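Enquirer: This is the structure I have questions about; it appears just below.
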Amino acid sequence: MADAKQSGLTAHLRENGMLLALVAIVVLFSILVSAQGKPMFLQAPNITNIFLQNGHVIILALGMLLIIVAGHIDLSVGSVAAFTGAVAAYLTVELELPVPVVILLTLIVGGLIGAAQGYWVAYWRIPSFIVTLAGMLVFRGATLWLLGGQNIGPFPKEFQAMSSGFIPDLTGLEKPHGLTLIIAALAIAVVIWIGLRARRRDMEFGITPEPAGLFWGRSLIIAAAMAFVGWQLASFRGLPNVLVVLAILIVLYAFFTENTVQGRRIYAVGGNYKAAKLSGINTERLVFACFVNMGVLAALAGMMVTARLNSATPKAGTGFELDAIAAVFIGGASMAGGSGTIVGVVIGALIMGVMNMGMSILGVGIDYQQVIKGLVLLAAVIFDVYNKNK
Amino acid sequence: MTTLLEMREITKVFPGVKALDRVSLTVEAGEIHAICGENGAGKSTLMKVLSGVYPHGSYDGEIVYAGAPLRNRHIRDSETKGIIIIHQELALIPLLSIAENLFMGNEVASKGVISWPQAFKKTEDLLRQVGLKEPPGTVVGKLGVGKQQLIEIAKALSKNVRLLILDEPTAALQEADADRLLDLMLELKSRGVTQIIISHKLNEISRVADRITVIRDGTSVSTLSKSEISEDRIIRDMVGRDMAHRYPERTPNPGEVLFEVVNWSCMHPEQAGRQMIKGVSLNVRKGEIVGIAGLMGTGRTELAMSIFGRSYGKGHQGEVRMHGRTVDVSSVPKAIQAGISYVTEDRKALGLILDEPILKNISLANLFGIAKNSILDKRRETQVAEGYRKQLAIRTPGVQQKVVNLSGGNQQKVVLSKWLFTEPELLILDEPTRGIDVGAKFEIYTIMKDLAEQGRGVLMISSEMPELLGMCDRIYVMNEGRIVGELARGEASQERIMALIVKDVGKDAGKVA
């Protein structure tokens, strides 16, 4: 009896804990920034920038979660993002192909790269660490080769819009941005509705739901945060395109992992490979598919970064793999595979993103920034292990 | 006889659970004392209290050892007093040599430098005492489980053991190795080593033990002396009810032939040219429970796994038929499609995702059964799991409980539920009651009986002959990858099964000569 209650509570504790940590970090930076006499931390341009500057990390982390849940790792995503960014630049600037064609071709290239790596991992059982370490070197080299050691740019306006554009205001209100407000209001309603539905289902199934106070308290905080962000964005330039893409991807991947047959099977493969295989699951094909998916997402991230910088550079994407992996583990995934949630990963990526921005505004040197980020990653995992052992 | 150990009214409470409730245990010097009880009865907890895994102060009650109170702060405290425990999961390091393992943490060294010649000499001496002839430099991983068990005992001897505790020492052993181990226990007894053995296997206990303490639900129920030991009495004390019949009564009513294997062969997956399954033919009728007997390592599991989606071996030959028609079993999904299920021998490693809740384990092999257009219907998933929970009496607070928290018997019921949800016509059960206590075994047997009565076929692989004899309508005897005999219910007996195996072994030896 006691066990059931406990596991229910710790499950809730984990996600609430991360959310609380995110809130605490935001509050901390707000106080520190205003103590320095600088303009408010949570102002519209900063909020917009958090998404613009960290969009690629969230996208990579979505794919990385699936890989890690399946019991693998992908170290090559930074190099693949750089390479696909270079491919996009080459296709746009040198071959002058139309933007939609470039996007499609680049995503296909990413998928092929993922397939090439996933093939060895899934069908030859070569450790993913080694295959993707090789990929990391190969595609870094390939980037240098394709770019001839130079930057390629600039890009046409439509390509840049991928990372720096904002949605048009169809309401014609402009100040504040009407469509942004409508979307924000809808999003709040949807989040609360989903929360209520899950709660009702828990009760129907006889699972002890989290206390009502905790649920409403958290929902209120989330709703308030969303309303605040929505208002700030609306009073600035509206909803960035990046955020729209992100929101769609997050919802899609959350649904996929939680509610589909193939999503569930990925967790089974990571949870117990042999048992999954003997239960009739085509484990090899799933692992292969996870890597193909990762390649496509890496290409998307690569294009976004290239579009934001408005040029493909040989150094692009350095360290992306570590940011993505860190976001996944801060978000509560297990190193051994078989567990982790999309919501957790997004919170993990936002924690990293907020810290990056906050420390930059405060003028913390890059040296301290790395130390602090490293310690936060360690602390998050220690928190997990401590909770499990308790 | 003097009393070596007295544990008085030991009470150990975990958050929410009273694992031990005033358990008392008295062990005389020089005896072999057996502790019996169902899984979860508290046997292991009691031994952990004794060895200091749970230090003094974390439990109530008193321990008197060799005339003085025993208050362990640490396992080392008990070890220095000669109390050595050998756990079920062996604690040897497979890549190190016997000598290195024997003196692990207790190296033959001066000033931190190990003297290998001396260590090897001591090792040889200790190995002789347990009847092993391996060179001390042999890598432990190359030895079988039986020999590893003996090395654990040698390790205990190196620490000047006075009280040796063996936790289910024969669980993973073949009969010959188990025999050897029991002989060694008797020999150690004659040399004055007091021993405590925890075991499920009642025939072993009655062979070596001088006295038995039965523990049930965290309390000591009875202590029996040698003359009082009988299997029925022990079982009655363990489960708290009279079990006149250890197997459910059933009137077999076999129908038409459901499942047929014709001339099935396969090769070893790695060793080229080694044939593991040699032209096996067998069949199971509707409503029939058919057993496969044989020694361990004769290819029973390999046969089952090679049939089930070619999960074992390569170069498969032969035919599998359902209802007289040849079916494709070349992959696990196809075998499931054909109506075949295989419940693995090792449920933790091959059957369950331990960290996932019951309901996700049950739906795993038939996710499309709870999905519409590939989208999971979680309400349906819960209903399905609840249905099996009631039907198979899985004891748990709820289907959201993680499987890792369940007892062996309940875990086995979860695996069975998973396969029943694929609606199989034939279930292959590989050692379905291994590591399960007596009460839960009866429940598993009852489930098997129900399955047969529903008109399904059951093919059961087991190393426990009484279980095969008690449950099966027909028994195939397997040896060295072949079927060497078939016995109907009336004509089967342990002796006849063994006779078939032995005769076959003799035949092989004849060929070689």
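Going by the structure tokens order, chains are called A, B, ..., each with residues numbered from 1, while ligands are numbered from 1 in the order shown.
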For chain A, work out the contacting residues on chain B at 7 Å, counting only C-alpha atoms, and write them as a list in words.
Expert: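 On the chain B side, the interface is Gly16, Val332, Pro333, Ala349, Leu350, Gly351, Leu352, Ile353, Leu364, Ala365, Leu367, Phe368, Ser374, Ile375, Leu376, Thr382, Pro397 and Gln401 of chain B.
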Enquirer: Output as a PyMOL selection string all residues of region 121-271 of chain B that backbone DSSP marks as strand (DSSP E or B).
Expert: chain B and resi 139+163-167+194-198+211-216+219-225+257-267
Enquirer: Write out, as a PDB file, in the first residue's frame, the residues just selected, with C-alpha atoms.
Expert:
ATOM      1  CA  VAL B 139      39.421 -17.488 -14.177  1.00  0.00           C
ATOM      2  CA  LEU B 163      28.600 -20.319  11.442  1.00  0.00           C
ATOM      3  CA  LEU B 164      28.025 -20.633   7.719  1.00  0.00           C
ATOM      4  CA  ILE B 165      24.775 -19.296   6.275  1.00  0.00           C
ATOM      5  CA  LEU B 166      23.749 -20.461   2.815  1.00  0.00           C
ATOM      6  CA  ASP B 167      20.882 -18.594   1.187  1.00  0.00           C
ATOM      7  CA  THR B 194      27.552 -24.969  12.246  1.00  0.00           C
ATOM      8  CA  GLN B 195      25.379 -24.154   9.254  1.00  0.00           C
ATOM      9  CA  ILE B 196      22.119 -22.452   8.452  1.00  0.00           C
ATOM     10  CA  ILE B 197      20.530 -23.245   5.100  1.00  0.00           C
ATOM     11  CA  ILE B 198      17.670 -21.342   3.567  1.00  0.00           C
ATOM     12  CA  ARG B 211      16.288 -29.172  12.676  1.00  0.00           C
ATOM     13  CA  ILE B 212      14.005 -26.849  10.774  1.00  0.00           C
ATOM     14  CA  THR B 213      12.525 -23.522  11.688  1.00  0.00           C
ATOM     15  CA  VAL B 214       9.531 -22.495   9.608  1.00  0.00           C
ATOM     16  CA  ILE B 215       8.865 -18.799   9.200  1.00  0.00           C
ATOM     17  CA  ARG B 216       5.575 -17.464   7.952  1.00  0.00           C
ATOM     18  CA  THR B 219       6.880 -14.831  12.605  1.00  0.00           C
ATOM     19  CA  SER B 220       8.507 -18.124  13.491  1.00  0.00           C
ATOM     20  CA  VAL B 221       5.821 -20.778  13.345  1.00  0.00           C
ATOM     21  CA  SER B 222       7.590 -23.874  14.505  1.00  0.00           C
ATOM     22  CA  THR B 223      10.907 -25.579  14.994  1.00  0.00           C
ATOM     23  CA  LEU B 224      10.933 -29.237  14.064  1.00  0.00           C
ATOM     24  CA  SER B 225      13.535 -31.844  14.907  1.00  0.00           C
ATOM     25  CA  VAL B 257      -4.131 -32.209 -32.219  1.00  0.00           C
ATOM     26  CA  LEU B 258      -3.486 -28.488 -31.906  1.00  0.00           C
ATOM     27  CA  PHE B 259       0.234 -28.020 -32.205  1.00  0.00           C
ATOM     28  CA  GLU B 260       2.782 -30.152 -33.968  1.00  0.00           C
ATOM     29  CA  VAL B 261       6.514 -29.908 -34.365  1.00  0.00           C
ATOM     30  CA  VAL B 262       7.882 -32.129 -37.099  1.00  0.00           C
ATOM     31  CA  ASN B 263      11.522 -33.062 -37.396  1.00  0.00           C
ATOM     32  CA  TRP B 264      12.747 -29.771 -35.941  1.00  0.00           C
ATOM     33  CA  SER B 265      16.488 -29.090 -35.899  1.00  0.00           C
ATOM     34  CA  CYS B 266      18.740 -26.132 -35.310  1.00  0.00           C
ATOM     35  CA  MET B 267      22.388 -25.294 -34.887  1.00  0.00           C
TER      36      MET B 267
END
Enquirer: Could you tell me, as a PyMOL selection string, which residues of region 26-228 of chain B DSSP assigns to alpha helix (DSSP H) when given the backbone?
Expert: chain B and resi 43-51+75-80+98-102+116-129+145-158+175-190+202-208
Enquirer: With only C-alpha atoms as the counted atoms, please give the residues lying no more than 6 Å from region 117-132 of chain B, apart from itself and same-chain residues fewer than 5 positions off, as a PyMOL selection string.
Expert: chain B and resi 99+108+154
Enquirer: Quick one: residues within 9 Å of region 66-71 of chain B, only C-alpha atoms counted, chain neighbours fewer than 5 positions away excluded, as a ChimeraX atom specification?
Expert: /B:3-6,29,50,52,55-57,77-78
Enquirer: Please produce a file of the residues just selected, as a short mmCIF file (atom, residue, chain, number, x, y, z; two decimals), in the first residue's frame, where the atoms kept are N, CA and C atoms.
Expert:
data_model
loop_
_atom_site.label_atom_id
_atom_site.label_comp_id
_atom_site.auth_asym_id
_atom_site.auth_seq_id
_atom_site.Cartn_x
_atom_site.Cartn_y
_atom_site.Cartn_z
N THR B 3 24.40 -24.30 22.84
CA THR B 3 23.76 -23.38 21.91
C THR B 3 24.79 -22.40 21.38
N LEU B 4 24.88 -22.31 20.05
CA LEU B 4 25.84 -21.37 19.46
C LEU B 4 25.19 -20.01 19.26
N LEU B 5 23.95 -20.05 18.82
CA LEU B 5 23.31 -18.79 18.45
C LEU B 5 21.89 -18.77 18.98
N GLU B 6 21.53 -17.67 19.57
CA GLU B 6 20.15 -17.51 19.96
C GLU B 6 19.68 -16.11 19.55
N ALA B 29 25.32 -25.71 18.45
CA ALA B 29 26.65 -25.82 17.85
C ALA B 29 26.75 -27.15 17.10
N LEU B 50 21.20 -10.86 11.35
CA LEU B 50 22.27 -11.64 11.98
C LEU B 50 23.65 -11.22 11.47
N GLY B 52 24.58 -8.40 10.15
CA GLY B 52 24.96 -7.01 10.36
C GLY B 52 24.68 -6.11 9.17
N PRO B 55 22.31 -2.99 11.01
CA PRO B 55 23.13 -2.91 12.21
C PRO B 55 22.30 -2.92 13.49
N HIS B 56 23.00 -3.20 14.60
CA HIS B 56 22.36 -3.18 15.91
C HIS B 56 21.71 -1.82 16.13
N GLY B 57 20.50 -1.84 16.63
CA GLY B 57 19.78 -0.59 16.85
C GLY B 57 18.71 -0.35 15.80
N ASP B 77 31.92 -6.88 11.40
CA ASP B 77 31.86 -7.29 12.80
C ASP B 77 31.47 -8.75 12.92
N SER B 78 30.47 -9.15 12.12
CA SER B 78 30.03 -10.53 12.22
C SER B 78 31.05 -11.46 11.57
#
Enquirer: Can you measure CA of Thr301 (chain B) to CA of Glu356 (chain B) for me? One decimal in Å is fine.
Expert: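 According to the coordinates, CA of Thr301 (chain B) and CA of Glu356 (chain B) are separated by 26.1 Å.
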Enquirer: Find the residues near Asn54 (chain A): any atom within 10 Å, counting only C-alpha atoms, skip ones fewer than 5 places away on the same chain, and give them as a ChimeraX atom specification.
Expert: /A:49,59,242,301,305,323,349-350,352-354,356-357
